[in-house]
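S.K.: Pasting final_24.cif here (mmCIF, C-alpha atoms and all ligand atoms):
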```cif
data_input
#
loop_
_atom_site.group_PDB
_atom_site.id
_atom_site.type_symbol
_atom_site.label_atom_id
_atom_site.label_comp_id
_atom_site.auth_asym_id
_atom_site.auth_seq_id
_atom_site.Cartn_x
_atom_site.Cartn_y
_atom_site.Cartn_z
ATOM 1 C CA MET A 212 -205.956 37.925 184.030
ATOM 2 C CA SER A 213 -202.544 39.055 182.837
ATOM 3 C CA VAL A 214 -201.577 35.401 182.344
ATOM 4 C CA GLY A 215 -204.645 34.933 180.208
ATOM 5 C CA LYS A 216 -203.732 37.950 178.133
ATOM 6 C CA ALA A 217 -200.182 36.745 177.684
ATOM 7 C CA GLY A 218 -201.515 33.382 176.603
ATOM 8 C CA GLN A 219 -203.752 35.055 174.080
ATOM 9 C CA VAL A 220 -200.930 37.161 172.732
ATOM 10 C CA GLY A 221 -198.789 34.022 172.522
ATOM 11 C CA TRP A 222 -201.525 32.263 170.570
ATOM 12 C CA ARG A 223 -201.929 35.217 168.241
ATOM 13 C CA LEU A 224 -198.196 35.294 167.605
ATOM 14 C CA THR A 225 -198.214 31.590 166.868
ATOM 15 C CA GLY A 226 -201.100 32.089 164.513
ATOM 16 C CA ALA A 227 -199.271 34.883 162.764
ATOM 17 C CA ALA A 228 -196.127 32.777 162.588
ATOM 18 C CA VAL A 229 -198.052 29.904 161.015
ATOM 19 C CA ALA A 230 -199.562 32.307 158.510
ATOM 20 C CA ALA A 231 -196.117 33.731 157.728
ATOM 21 C CA ILE A 232 -194.673 30.240 157.228
ATOM 22 C CA ALA A 233 -197.585 29.340 154.991
ATOM 23 C CA VAL A 234 -196.995 32.443 152.898
ATOM 24 C CA ALA A 235 -193.269 31.704 152.724
ATOM 25 C CA CYS A 236 -193.984 28.137 151.608
ATOM 26 C CA THR A 237 -196.340 29.254 148.894
ATOM 27 C CA GLY A 238 -193.704 31.680 147.695
ATOM 28 C CA LEU A 239 -190.710 29.369 147.808
ATOM 29 C CA ALA A 240 -191.612 25.695 147.628
ATOM 30 C CA GLY A 241 -194.894 26.624 145.985
ATOM 31 C CA GLY A 242 -193.183 26.911 142.641
ATOM 32 C CA ARG A 243 -192.219 23.271 142.674
ATOM 33 C CA VAL A 244 -195.600 22.078 143.919
ATOM 34 C CA ALA A 245 -197.378 24.064 141.235
ATOM 35 C CA ALA A 246 -195.090 22.648 138.559
ATOM 36 C CA ALA A 247 -195.899 19.081 139.636
ATOM 37 C CA ALA A 248 -199.643 19.774 139.673
ATOM 38 C CA GLU A 249 -199.402 21.390 136.259
ATOM 39 C CA LYS A 250 -197.741 18.312 134.844
ATOM 40 C CA ASP A 251 -200.688 16.118 135.859
ATOM 41 C CA ALA A 252 -203.176 18.635 134.535
ATOM 42 C CA ALA A 253 -201.232 19.480 131.376
ATOM 43 C CA PRO A 254 -203.742 19.561 128.544
ATOM 44 C CA VAL A 255 -203.434 16.555 126.289
ATOM 45 C CA ASP A 256 -202.806 17.468 122.661
ATOM 46 C CA PHE A 257 -205.023 15.255 120.501
ATOM 47 C CA ALA A 258 -202.991 15.474 117.310
ATOM 48 C CA LYS A 259 -199.615 15.025 119.012
ATOM 49 C CA GLN A 260 -200.426 12.522 121.756
ATOM 50 C CA VAL A 261 -203.699 10.690 121.141
ATOM 51 C CA GLN A 262 -203.943 10.328 117.378
ATOM 52 C CA PRO A 263 -200.560 8.531 117.072
ATOM 53 C CA ILE A 264 -201.776 5.850 119.523
ATOM 54 C CA PHE A 265 -204.933 5.202 117.496
ATOM 55 C CA LYS A 266 -202.935 5.312 114.283
ATOM 56 C CA GLU A 267 -200.453 2.742 115.510
ATOM 57 C CA SER A 268 -202.829 0.334 117.250
ATOM 58 C CA CYS A 269 -206.407 0.839 116.068
ATOM 59 C CA VAL A 270 -206.837 2.513 112.697
ATOM 60 C CA LYS A 271 -205.909 -0.477 110.536
ATOM 61 C CA CYS A 272 -209.298 -1.961 111.541
ATOM 62 C CA HIS A 273 -211.173 1.209 112.451
ATOM 63 C CA ARG A 274 -211.266 3.113 109.181
ATOM 64 C CA GLU A 275 -213.027 3.231 105.856
ATOM 65 C CA ASP A 276 -211.224 0.812 103.548
ATOM 66 C CA PRO A 277 -212.251 0.346 99.900
ATOM 67 C CA LYS A 278 -211.013 -3.257 100.093
ATOM 68 C CA ASN A 279 -213.302 -3.990 103.012
ATOM 69 C CA PRO A 280 -216.969 -3.576 102.060
ATOM 70 C CA ARG A 281 -218.073 -4.221 105.638
ATOM 71 C CA GLY A 282 -216.722 -0.849 106.652
ATOM 72 C CA PRO A 283 -214.782 0.098 109.773
ATOM 73 C CA ALA A 284 -214.775 -2.502 112.581
ATOM 74 C CA GLY A 285 -217.777 -2.103 114.859
ATOM 75 C CA GLY A 286 -218.884 0.796 112.644
ATOM 76 C CA LEU A 287 -216.323 2.888 114.491
ATOM 77 C CA LYS A 288 -213.793 5.051 112.678
ATOM 78 C CA LEU A 289 -210.789 6.074 114.743
ATOM 79 C CA ASP A 290 -208.884 8.004 112.085
ATOM 80 C CA ASP A 291 -210.412 11.422 112.676
ATOM 81 C CA LYS A 292 -211.703 13.208 115.698
ATOM 82 C CA ALA A 293 -215.232 13.893 114.505
ATOM 83 C CA ALA A 294 -215.695 10.213 113.670
ATOM 84 C CA ILE A 295 -214.284 9.141 117.037
ATOM 85 C CA LEU A 296 -216.776 11.394 118.808
ATOM 86 C CA LYS A 297 -219.607 10.052 116.648
ATOM 87 C CA GLY A 298 -219.056 6.481 117.866
ATOM 88 C CA GLY A 299 -219.951 3.124 116.335
ATOM 89 C CA LYS A 300 -222.588 0.401 116.387
ATOM 90 C CA ALA A 301 -222.760 0.526 120.170
ATOM 91 C CA GLY A 302 -223.317 4.293 120.131
ATOM 92 C CA ALA A 303 -220.965 6.862 121.607
ATOM 93 C CA ALA A 304 -217.511 5.417 122.242
ATOM 94 C CA ILE A 305 -216.534 8.463 124.277
ATOM 95 C CA VAL A 306 -218.299 10.379 127.010
ATOM 96 C CA PRO A 307 -216.389 13.690 127.119
ATOM 97 C CA GLY A 308 -215.246 14.406 130.668
ATOM 98 C CA LYS A 309 -215.895 10.836 131.801
ATOM 99 C CA ALA A 310 -213.168 8.424 130.747
ATOM 100 C CA ASP A 311 -214.355 5.658 133.049
ATOM 101 C CA GLU A 312 -217.813 5.668 131.457
ATOM 102 C CA SER A 313 -216.437 5.658 127.920
ATOM 103 C CA LEU A 314 -216.738 2.395 125.971
ATOM 104 C CA LEU A 315 -213.457 3.146 124.224
ATOM 105 C CA VAL A 316 -211.686 3.114 127.605
ATOM 106 C CA LYS A 317 -213.539 0.077 128.938
ATOM 107 C CA VAL A 318 -212.530 -2.080 125.965
ATOM 108 C CA LEU A 319 -208.866 -1.271 126.623
ATOM 109 C CA ALA A 320 -209.173 -3.185 129.911
ATOM 110 C CA GLY A 321 -211.076 -6.248 128.723
ATOM 111 C CA ASP A 322 -214.166 -7.677 126.999
ATOM 112 C CA VAL A 323 -217.312 -5.584 127.345
ATOM 113 C CA LYS A 324 -220.922 -6.624 126.894
ATOM 114 C CA VAL A 325 -223.137 -3.974 125.312
ATOM 115 C CA GLY A 326 -226.735 -5.198 125.186
ATOM 116 C CA GLU A 327 -226.568 -8.567 123.397
ATOM 117 C CA ARG A 328 -223.201 -7.860 121.808
ATOM 118 C CA ASP A 329 -219.855 -9.017 123.088
ATOM 119 C CA ILE A 330 -217.147 -6.547 122.248
ATOM 120 C CA HIS A 331 -213.626 -7.883 122.531
ATOM 121 C CA ALA A 332 -210.822 -6.269 124.436
ATOM 122 C CA MET A 333 -209.011 -3.791 122.173
ATOM 123 C CA PRO A 334 -206.739 -3.673 120.317
ATOM 124 C CA LYS A 335 -208.283 -6.866 118.985
ATOM 125 C CA PRO A 336 -205.463 -9.321 118.329
ATOM 126 C CA GLN A 337 -204.854 -10.929 114.966
ATOM 127 C CA ARG A 338 -206.292 -14.396 114.571
ATOM 128 C CA ASN A 339 -204.530 -16.989 116.790
ATOM 129 C CA GLN A 340 -202.758 -14.335 118.789
ATOM 130 C CA ALA A 341 -203.199 -13.457 122.441
ATOM 131 C CA PHE A 342 -204.606 -10.132 123.589
ATOM 132 C CA LYS A 343 -201.955 -7.583 124.489
ATOM 133 C CA ALA A 344 -203.240 -4.493 126.255
ATOM 134 C CA LEU A 345 -201.881 -1.059 125.409
ATOM 135 C CA PRO A 346 -199.153 0.117 127.817
ATOM 136 C CA ASP A 347 -200.478 1.943 130.890
ATOM 137 C CA GLU A 348 -198.926 5.270 129.771
ATOM 138 C CA LYS A 349 -200.863 5.215 126.521
ATOM 139 C CA ILE A 350 -204.101 4.324 128.291
ATOM 140 C CA ALA A 351 -203.428 7.211 130.700
ATOM 141 C CA VAL A 352 -203.014 9.655 127.784
ATOM 142 C CA ILE A 353 -206.335 8.533 126.264
ATOM 143 C CA LYS A 354 -208.096 8.736 129.645
ATOM 144 C CA ASN A 355 -206.714 12.207 130.395
ATOM 145 C CA TRP A 356 -207.756 13.416 126.964
ATOM 146 C CA ILE A 357 -211.332 12.212 127.536
ATOM 147 C CA ASP A 358 -211.439 13.490 131.129
ATOM 148 C CA GLN A 359 -210.346 16.908 129.814
ATOM 149 C CA GLY A 360 -213.356 16.972 127.512
ATOM 150 C CA ALA A 361 -211.996 15.105 124.425
ATOM 151 C CA LYS A 362 -211.061 18.337 122.649
HETATM 152 C C1 LIG B 401 -207.515 -6.281 114.317
HETATM 153 C C2 LIG B 401 -208.614 -5.345 114.204
HETATM 154 C C3 LIG B 401 -208.864 -4.355 115.345
HETATM 155 C C4 LIG B 401 -207.971 -3.527 115.982
HETATM 156 C C5 LIG B 401 -206.463 -3.431 115.772
HETATM 157 C C6 LIG B 401 -208.744 -2.738 116.913
HETATM 158 N N1 LIG B 401 -210.064 -3.064 116.839
HETATM 159 FE FE1 LIG B 401 -211.627 -2.221 117.889
HETATM 160 N N2 LIG B 401 -212.917 -3.477 117.010
HETATM 161 C C7 LIG B 401 -212.602 -4.475 116.092
HETATM 162 C C8 LIG B 401 -213.793 -5.250 115.780
HETATM 163 C C9 LIG B 401 -213.850 -6.420 114.806
HETATM 164 C C10 LIG B 401 -214.839 -4.689 116.539
HETATM 165 C C11 LIG B 401 -216.291 -5.165 116.601
HETATM 166 C C12 LIG B 401 -216.600 -5.827 117.929
HETATM 167 C C13 LIG B 401 -215.771 -7.073 118.182
HETATM 168 O O1 LIG B 401 -215.648 -7.908 117.285
HETATM 169 O O2 LIG B 401 -215.213 -7.195 119.273
HETATM 170 C C14 LIG B 401 -214.269 -3.577 117.288
HETATM 171 C C15 LIG B 401 -214.982 -2.772 118.133
HETATM 172 C C16 LIG B 401 -214.459 -1.702 118.848
HETATM 173 C C17 LIG B 401 -215.238 -0.817 119.670
HETATM 174 C C18 LIG B 401 -216.747 -0.856 119.852
HETATM 175 C C19 LIG B 401 -217.403 -0.138 118.665
HETATM 176 C C20 LIG B 401 -218.899 -0.233 118.684
HETATM 177 O O3 LIG B 401 -219.555 0.820 118.735
HETATM 178 O O4 LIG B 401 -219.415 -1.352 118.622
HETATM 179 C C21 LIG B 401 -214.372 0.074 120.231
HETATM 180 C C22 LIG B 401 -214.734 1.224 121.180
HETATM 181 C C23 LIG B 401 -213.066 -0.261 119.735
HETATM 182 N N3 LIG B 401 -213.136 -1.336 118.904
HETATM 183 C C24 LIG B 401 -211.908 0.433 120.082
HETATM 184 C C25 LIG B 401 -210.638 0.084 119.610
HETATM 185 C C26 LIG B 401 -209.438 0.790 119.990
HETATM 186 C C27 LIG B 401 -209.388 1.985 120.917
HETATM 187 C C28 LIG B 401 -208.407 0.172 119.367
HETATM 188 C C29 LIG B 401 -206.931 0.485 119.461
HETATM 189 C C30 LIG B 401 -206.366 0.555 120.790
HETATM 190 C C31 LIG B 401 -208.960 -0.909 118.571
HETATM 191 N N4 LIG B 401 -210.315 -0.935 118.739
HETATM 192 C C32 LIG B 401 -208.214 -1.754 117.751
HETATM 193 C C33 LIG B 401 -211.364 -4.691 115.520
HETATM 194 C C34 LIG B 401 -210.194 -4.058 115.898
#
```
Represent the structure from my file as structure tokens, please.
M.R.:
Amino acid sequence: MSVGKAGQVGWRLTGAAVAAIAVACTGLAGGRVAAAAEKDAAPVDFAKQVQPIFKESCVKCHREDPKNPRGPAGGLKLDDKAAILKGGKAGAAIVPGKADESLLVKVLAGDVKVGERDIHAMPKPQRNQAFKALPDEKIAVIKNWIDQGAK
């Protein structure tokens, strides 16, 4: 009986010790862990991080151009946010909150078939040139922006 009690007390102490260690960890190391998590979840700034990627790699084809009566490629303008959210001939290019379901993300990885249409991998290369995908970091920025709601 007394052994049992001692055992119980021992267990309780251990439990308390574990709780104390947990609290200490949250207080001390927790700062670093939180900082790392925050980095992953840091809100993507459209104007500072996303727009420059489109501007550099996409907008020359995806914009209204008086010299090109056919209009923006695929009917999709990528030079302002409202137009990006509106989409193109294939409909919405972005599903806010769902990067993996967004056409704009899919075409960064390779050719995509939408109904009867074949859409090339983007950025579409110049004639006679090979496709060169955007660097992974840029794709990650675009995906994070969409996953965070494309705001
Ligand atoms: C050299 C011109 C060119 C560049 C650069 C380019 N695109 Fe395109 N894009 C096209 C053309 C042309 C189409 C029409 C479909 C096709 O021919 O593949 C298209 C279609 C699309 C579509 C489908 C639109 C729809 O609704 O049918 C998406 C999404 C897209 N591009 C995204 C991008 C992104 C993102 C970039 C930059 C990373 C980019 N494109 C760069 C020419 C270009």
S.K.: Return as JSON the box centre and box size in Å, one decimal, for an axis-aligned box around all listed atoms of ligand LIG 401 (chain B) padded by 8 Å per side.
M.R.:
```
{"center_x": -213.0, "center_y": -3.0, "center_z": 117.7, "size_x": 29.2, "size_y": 25.9, "size_z": 23.0}
```
S.K.: So that each row is one residue of chain A with an atom at most 7 Å from ligand LIG 401 (chain B), can you give its shortest atom pair and the distance in Å to one decimal, using only C-alpha atoms and all ligand atoms, rows by chain and rising number, as CSV?
M.R.:
```
residue,atom,partner,partner_atom,distance
A:Phe265,CA,B:LIG401,C29,5.5
A:Ser268,CA,B:LIG401,C29,4.7
A:Cys269,CA,B:LIG401,C29,3.5
A:Val270,CA,B:LIG401,C5,6.7
A:Lys271,CA,B:LIG401,C5,6.0
A:Cys272,CA,B:LIG401,C2,4.4
A:His273,CA,B:LIG401,N1,6.2
A:Ala284,CA,B:LIG401,C8,4.3
A:Gly285,CA,B:LIG401,C11,3.8
A:Gly286,CA,B:LIG401,C20,6.1
A:Leu287,CA,B:LIG401,C19,5.3
A:Gly298,CA,B:LIG401,O3,5.7
A:Gly299,CA,B:LIG401,O3,3.4
A:Lys300,CA,B:LIG401,O3,3.9
A:Ala301,CA,B:LIG401,O3,3.5
A:Gly302,CA,B:LIG401,O3,5.3
A:Ala303,CA,B:LIG401,O3,6.8
A:Ala304,CA,B:LIG401,C22,5.1
A:Leu314,CA,B:LIG401,C22,5.3
A:Leu315,CA,B:LIG401,C22,3.8
A:Val318,CA,B:LIG401,C22,6.2
A:Leu319,CA,B:LIG401,C27,6.6
A:Asp329,CA,B:LIG401,O2,6.3
A:Ile330,CA,B:LIG401,O2,3.6
A:His331,CA,B:LIG401,O2,3.7
A:Ala332,CA,B:LIG401,O2,6.8
A:Met333,CA,B:LIG401,C31,4.6
A:Pro334,CA,B:LIG401,C32,3.5
A:Lys335,CA,B:LIG401,C3,4.5
A:Pro336,CA,B:LIG401,C1,5.4
A:Gln337,CA,B:LIG401,C1,5.4
A:Leu345,CA,B:LIG401,C30,6.6
```
S.K.: Using all atoms listed in the file, determine which residues lie at most 8 Å from Arg274 in chain A, disregarding the query and same-chain residues fewer than 6 positions distant; provide the list as number ranges by chain.
M.R.: A: 282-284, 287-290
S.K.: What gap, in Å, lies between CA of Asp358 in chain A and CA of Gln260 in chain A?
M.R.: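 Rounded to one decimal, the two atoms are 14.5 Å apart.
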S.K.: If the PyMOL selection byres (((chain A and resi 357) around 12) and not hetatm) is run on the structure shown, which residues does it catch, given as a short mmCIF file (atom, residue, chain, number, x, y, z; two decimals) with C-alpha atoms, in the frame of the given file?
M.R.:
```
data_model
loop_
_atom_site.label_atom_id
_atom_site.label_comp_id
_atom_site.auth_asym_id
_atom_site.auth_seq_id
_atom_site.Cartn_x
_atom_site.Cartn_y
_atom_site.Cartn_z
CA PRO A 254 -203.74 19.56 128.54
CA VAL A 255 -203.43 16.56 126.29
CA ASP A 256 -202.81 17.47 122.66
CA PHE A 257 -205.02 15.26 120.50
CA VAL A 261 -203.70 10.69 121.14
CA LYS A 292 -211.70 13.21 115.70
CA ILE A 295 -214.28 9.14 117.04
CA LEU A 296 -216.78 11.39 118.81
CA ALA A 304 -217.51 5.42 122.24
CA ILE A 305 -216.53 8.46 124.28
CA VAL A 306 -218.30 10.38 127.01
CA PRO A 307 -216.39 13.69 127.12
CA GLY A 308 -215.25 14.41 130.67
CA LYS A 309 -215.90 10.84 131.80
CA ALA A 310 -213.17 8.42 130.75
CA ASP A 311 -214.36 5.66 133.05
CA GLU A 312 -217.81 5.67 131.46
CA SER A 313 -216.44 5.66 127.92
CA LEU A 314 -216.74 2.40 125.97
CA LEU A 315 -213.46 3.15 124.22
CA VAL A 316 -211.69 3.11 127.60
CA ILE A 350 -204.10 4.32 128.29
CA ALA A 351 -203.43 7.21 130.70
CA VAL A 352 -203.01 9.65 127.78
CA ILE A 353 -206.34 8.53 126.26
CA LYS A 354 -208.10 8.74 129.65
CA ASN A 355 -206.71 12.21 130.40
CA TRP A 356 -207.76 13.42 126.96
CA ASP A 358 -211.44 13.49 131.13
CA GLN A 359 -210.35 16.91 129.81
CA GLY A 360 -213.36 16.97 127.51
CA ALA A 361 -212.00 15.10 124.42
CA LYS A 362 -211.06 18.34 122.65
#
```
S.K.: How many Å separate CA of Ala253 in chain A from CA of Glu348 in chain A?
M.R.: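 That distance, rounded to one decimal, is 14.5 Å.
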